[in-house]
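Input: a single structure, listed below in structure tokens.
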Amino acid sequence: MTPAIEIKHLTKKIRSGFLMKEVMALSDLNLSIPPGTAFGFLGPNGAGKTTTIKLLTGLSFPTSGEALIFGRPVSDISVRMKIGFLPERPYFYDYLSGTEYLHFCGELFGMTRAARNKKITKLIELVGLKEKAGEQLRKYSKGMLQRIGLAQALINDPELIILDEPMSGLDPMGRKQVRDIILHLKGQGKTVFFSTHVLSDAEMICDQVGIIVQGSLQSVGDLETLLSPKTCSIEVSIKGVSESALSLFKPMASSTKIADEGYVLRIDDAGILPKLLALLQAEKVQIVSIIPHRETLEDIFMEEIRGRQS
Amino acid sequence: MMRGMNAGVSAIKAIAINTFKEAVRNKILYNLIFFAVLMMAVSLVLDQATIGQRNKIIKDFGLASINLFGVIIAIVVGISLVYKEIEKRTIHPLLAKPVRRSSFLFGKYLGILLTLVIEILLMSFFFFLLVWLYEGGFDSYLLIAILMIFVELSVIAAVAIFFSSFSTPVLSGMFTFSVYVIGHLTSFLKDFGASSGSAIIKQFTHFLYYVLPNLERFNLKTHAVYHLPIEIGQLLFSILYGLLYIMIVMLFAVLCFERRDFK
């Protein structure tokens with residue numbers, strides 16, 4: 001099956017600063033994303049996420065390498081009939097109303113007025129802007145702009161939706177609304193490629209993630225594989241234990257900290273949990289809770305960055 | 001193929017109308033009020049002058065004002081509207097759609113022309129009304145002068161778009177204004193170069209003469225006011241010259257814009 005996005009040895013050097021020093025913004029990026037995937041492109045600020053997206057959407061040109069969308073080079077303008085794009089911190093013509101802006105976008109695709117009317121009514125409904133659609137965009141909040149941005153990205157019923165930091169700067173309510181829309185698109189079988197530096201967003205939405213640090217891709221994979229092998233530290237909270245009894249358990253734990261009326265023991269090896277629990281029971285210690293901690297995307301993320309820096 | 005072409009035309013049209021809307025909604029046409037007030041003030045002041053002189057001065061001043069207001073709009077709108085798209089990144093979602101960069105520039109250009117047409121029509125309406133009030137008739141010579149002012153403004157707008165396709169608004173403004181000023185002096189510069197005796201100066205002034213637009217070609221204001229004969233062949237040639245100049249400048253603008261990376 002033709003990948004939705006195929007990136008081959010994509011490299012971008014940018015000249016910046018007063019002396020026009022050359023900076024490597026993206027280095028030999030290779031990536032293949034099958035259709036129907038929700039792909040999270042993760043990385044800290046300045047890692048090269050937006051650079052990649054700009055190369056995919058034809059806003060800038062690679063120094064070397066190429067990017068294909070549904071098998072065709074991004075420079076082929078017809079490819080863009082299949083793409084929907086929401087830029088980072090989007091800013092639209094603030095003198096237009098939401099509906100006017102969507103009509104404008106529809107016209108850029110050569111849609112007839114009837115087709116636009118039909119589509120826009122649906123989209124306004126989807127992004128929950130029915131009451132505000134007639135107002136000028138300058139009166140929109142950040143969250144509303146983001147949602148009208150999503151609507152414009154979907155005007156052509158795209159097969160691939162590229163979203164650059166779609167949740168940045170939004171309050172929890174706004175994040176949820178945007179997340180729900182993305183999940184809705186995913187449910188429709190669309191390919192969603194979105195960048196974020198907020199890992200929980202990716203965890204909730206993505207099938208696959210790619211981690212990019214300082215312009216180069218560190219790891220790619222589905223979330224389960226990236227997370228599962230490294231999971232498990234366990235926190236055992238206990239109560240009613242004497243200092244002397246504590247010294248019996250302490251060597252088994254990787255760390256011990258004082259909590260409300262008791263202690264929290266952290267063990268890194270799940271294998272020793274039964275032994276610890278037996279010992280606790282024998283000493284008649286009250287077990288308050290046992291919480292396993294899976295490794296989060298955040299841990300992987302920090303590890304990659306640390307590895308890169310060292 | 002046809003669909004692609006239709007989408008291209010539809011995109012240019014949409015961008016042009018949107019550009020016009022931006023100019024109108026950002027109250028750019030408000031300067032018309034200033035034009036009207038200025039014209040009325042001048043006509044009141046001139047009320048004391050003899051009739052023959054007064055009418056000529058009103059015509060002269062009216063045409064000069066239409067020209068000046070038009071030039072300001074062409075430069076300000078031409079430069080700011082393209083730059084704003086880039087600076088505020090409103091161009092990003094646009095170019096990610098099936099819109100060629102050349103279509104974007106042509107759409108912007110046509111939008112600016114539409115703004116200029118409306119501006120000139122409204123100013124002319126007021127101007128003709130004033131002339132009619134004083135003279136009791138319609139002077140078709142003035143219409144030709146205004147048509148040529150429009151051709152001149154179209155050239156200036158294209159130059160403004162060209163500079164703003166790769167430069168900042170302040171620089172583009174300065175460059176375009178310089179082209180406007182020198183454009184009215186090219187014949188003079190050429191003669192100056194020829195009589196200077198220096199080969200370098202001669203070459204330089206010749207270079208300016210051929211590269212910069214000869215805007216004096218479009219200046220028929222004196223002809224219109226004093227009803228001097230206007231050769232139709234010359235008129236058509238000037239219009240053709242303007243069109244050709246616009247096409248070449250726009251071609252260069254597209255070339256600069258095509259390979260630009262957007263921040």
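Chain lettering (A, B, ...) mirrors the order of the structure tokens, residue numbering begins at 1 for each chain separately, and ligand numbering begins at 1 in order of display.
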At most 12 Å is the cut-off: for each residue in segment 34-122 of chain B with any atom that close to an atom of segment 244-254 of chain B, write down the nearest atom pair and the distance in Å rounded to one decimal, counting only C-alpha atoms, chain first then increasing number, as JSON lines.
{"residue": "B:Val82", "atom": "CA", "partner": "B:Ala253", "partner_atom": "CA", "distance": 11.5}
{"residue": "B:Arg100", "atom": "CA", "partner": "B:Val254", "partner_atom": "CA", "distance": 10.0}
{"residue": "B:Arg101", "atom": "CA", "partner": "B:Val254", "partner_atom": "CA", "distance": 7.3}
{"residue": "B:Ser102", "atom": "CA", "partner": "B:Val254", "partner_atom": "CA", "distance": 5.5}
{"residue": "B:Ser103", "atom": "CA", "partner": "B:Val254", "partner_atom": "CA", "distance": 9.1}
{"residue": "B:Phe104", "atom": "CA", "partner": "B:Val254", "partner_atom": "CA", "distance": 9.4}
{"residue": "B:Leu105", "atom": "CA", "partner": "B:Val254", "partner_atom": "CA", "distance": 7.1}
{"residue": "B:Phe106", "atom": "CA", "partner": "B:Met250", "partner_atom": "CA", "distance": 8.0}
{"residue": "B:Gly107", "atom": "CA", "partner": "B:Met250", "partner_atom": "CA", "distance": 11.6}
{"residue": "B:Lys108", "atom": "CA", "partner": "B:Met250", "partner_atom": "CA", "distance": 11.2}
{"residue": "B:Tyr109", "atom": "CA", "partner": "B:Met250", "partner_atom": "CA", "distance": 8.9}
{"residue": "B:Leu110", "atom": "CA", "partner": "B:Met250", "partner_atom": "CA", "distance": 11.5}
{"residue": "B:Leu113", "atom": "CA", "partner": "B:Ile246", "partner_atom": "CA", "distance": 11.9}
May I ask you to extract the residues of chain A within 10 Å of chain B, using only C-alpha atoms, and to give them as a ChimeraX atom specification?
/A:14,50-51,54-62,74,76-96,100-101,103-112,149,152-153,156,162
Mind checking which residues fall within 6 Å of segment 234-242 of chain A, counting only C-alpha atoms, ignoring those fewer than 6 positions away in the same chain, and posting them as a list in words?
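In the requested form, the answer reads Gly262, Tyr263, Val264, Leu265, Arg266, Ile267, Val285, Gln286, Ile287, Val288, Ser289, Ile290, Ile291, Pro292 and His293 of chain A.
Residues in contact with Gly46 of chain A at up to 12 Å, not including ones fewer than 4 positions away on its chain and judged by only C-alpha atoms, are A:Val23, A:Met24, A:Ala25, A:Leu26, A:Leu42, A:Thr50, A:Thr51, A:Thr52, A:Ser195, A:Thr196, A:His197, A:Ile212, A:Val213, A:Gln214, A:Gly215, A:Ser216.
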I'd like the contact shell of Ile144 of chain B - 12 Å cut-off, only C-alpha atoms, skipping same-chain residues fewer than 5 positions apart - returned as a short mmCIF file (atom, residue, chain, number, x, y, z; two decimals) with C-alpha atoms, in the first residue's frame.
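Below is the file out-v3.cif, written as the result:
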data_model
loop_
_atom_site.label_atom_id
_atom_site.label_comp_id
_atom_site.auth_asym_id
_atom_site.auth_seq_id
_atom_site.Cartn_x
_atom_site.Cartn_y
_atom_site.Cartn_z
CA LEU B 63 -6.34 65.25 -11.70
CA SER B 124 -13.68 60.70 -10.49
CA ASP B 139 -15.23 67.05 -20.19
CA ILE B 149 -3.52 57.61 -14.38
CA PHE B 150 -5.00 54.16 -13.83
CA VAL B 151 -2.44 52.59 -16.18
CA PHE B 218 1.05 58.10 -18.86
CA ASN B 219 0.89 61.74 -17.89
CA LEU B 220 -1.80 63.38 -20.03
CA LYS B 221 -2.97 65.78 -17.38
CA THR B 222 -1.82 68.93 -19.18
CA HIS B 223 -3.28 67.65 -22.45
CA ALA B 224 -6.60 67.06 -20.75
CA VAL B 225 -6.82 70.39 -18.97
CA HIS B 227 -7.45 70.25 -24.54
CA LEU B 228 -4.20 69.65 -26.43
CA PRO B 229 -4.44 67.07 -29.23
CA ILE B 230 -3.86 63.45 -28.14
CA GLU B 231 -2.67 60.99 -30.78
CA ILE B 232 -4.63 57.78 -30.55
CA LEU B 235 -2.18 56.51 -26.49
CA LEU B 236 -2.53 52.88 -27.47
CA ILE B 239 -1.22 51.44 -22.77
#
For Phe126 of chain B, which of B:Leu171, B:Tyr30, B:Gly62, B:Ala160 is the closest residue, counting only C-alpha atoms?
B:Gly62
Taking the DSSP secondary structure from the backbone, can you list the residues of segment 22-169 of chain B that are alpha helix (DSSP H), as a ChimeraX atom specification?
/B:22-25,31-45,51-87,91-95,101-135,140-164,169
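Across A:Met252, A:Val209, A:Ile148, A:Leu246, the tightest approach to Glu135 of chain A is made by A:Ile148 when counting only C-alpha atoms.
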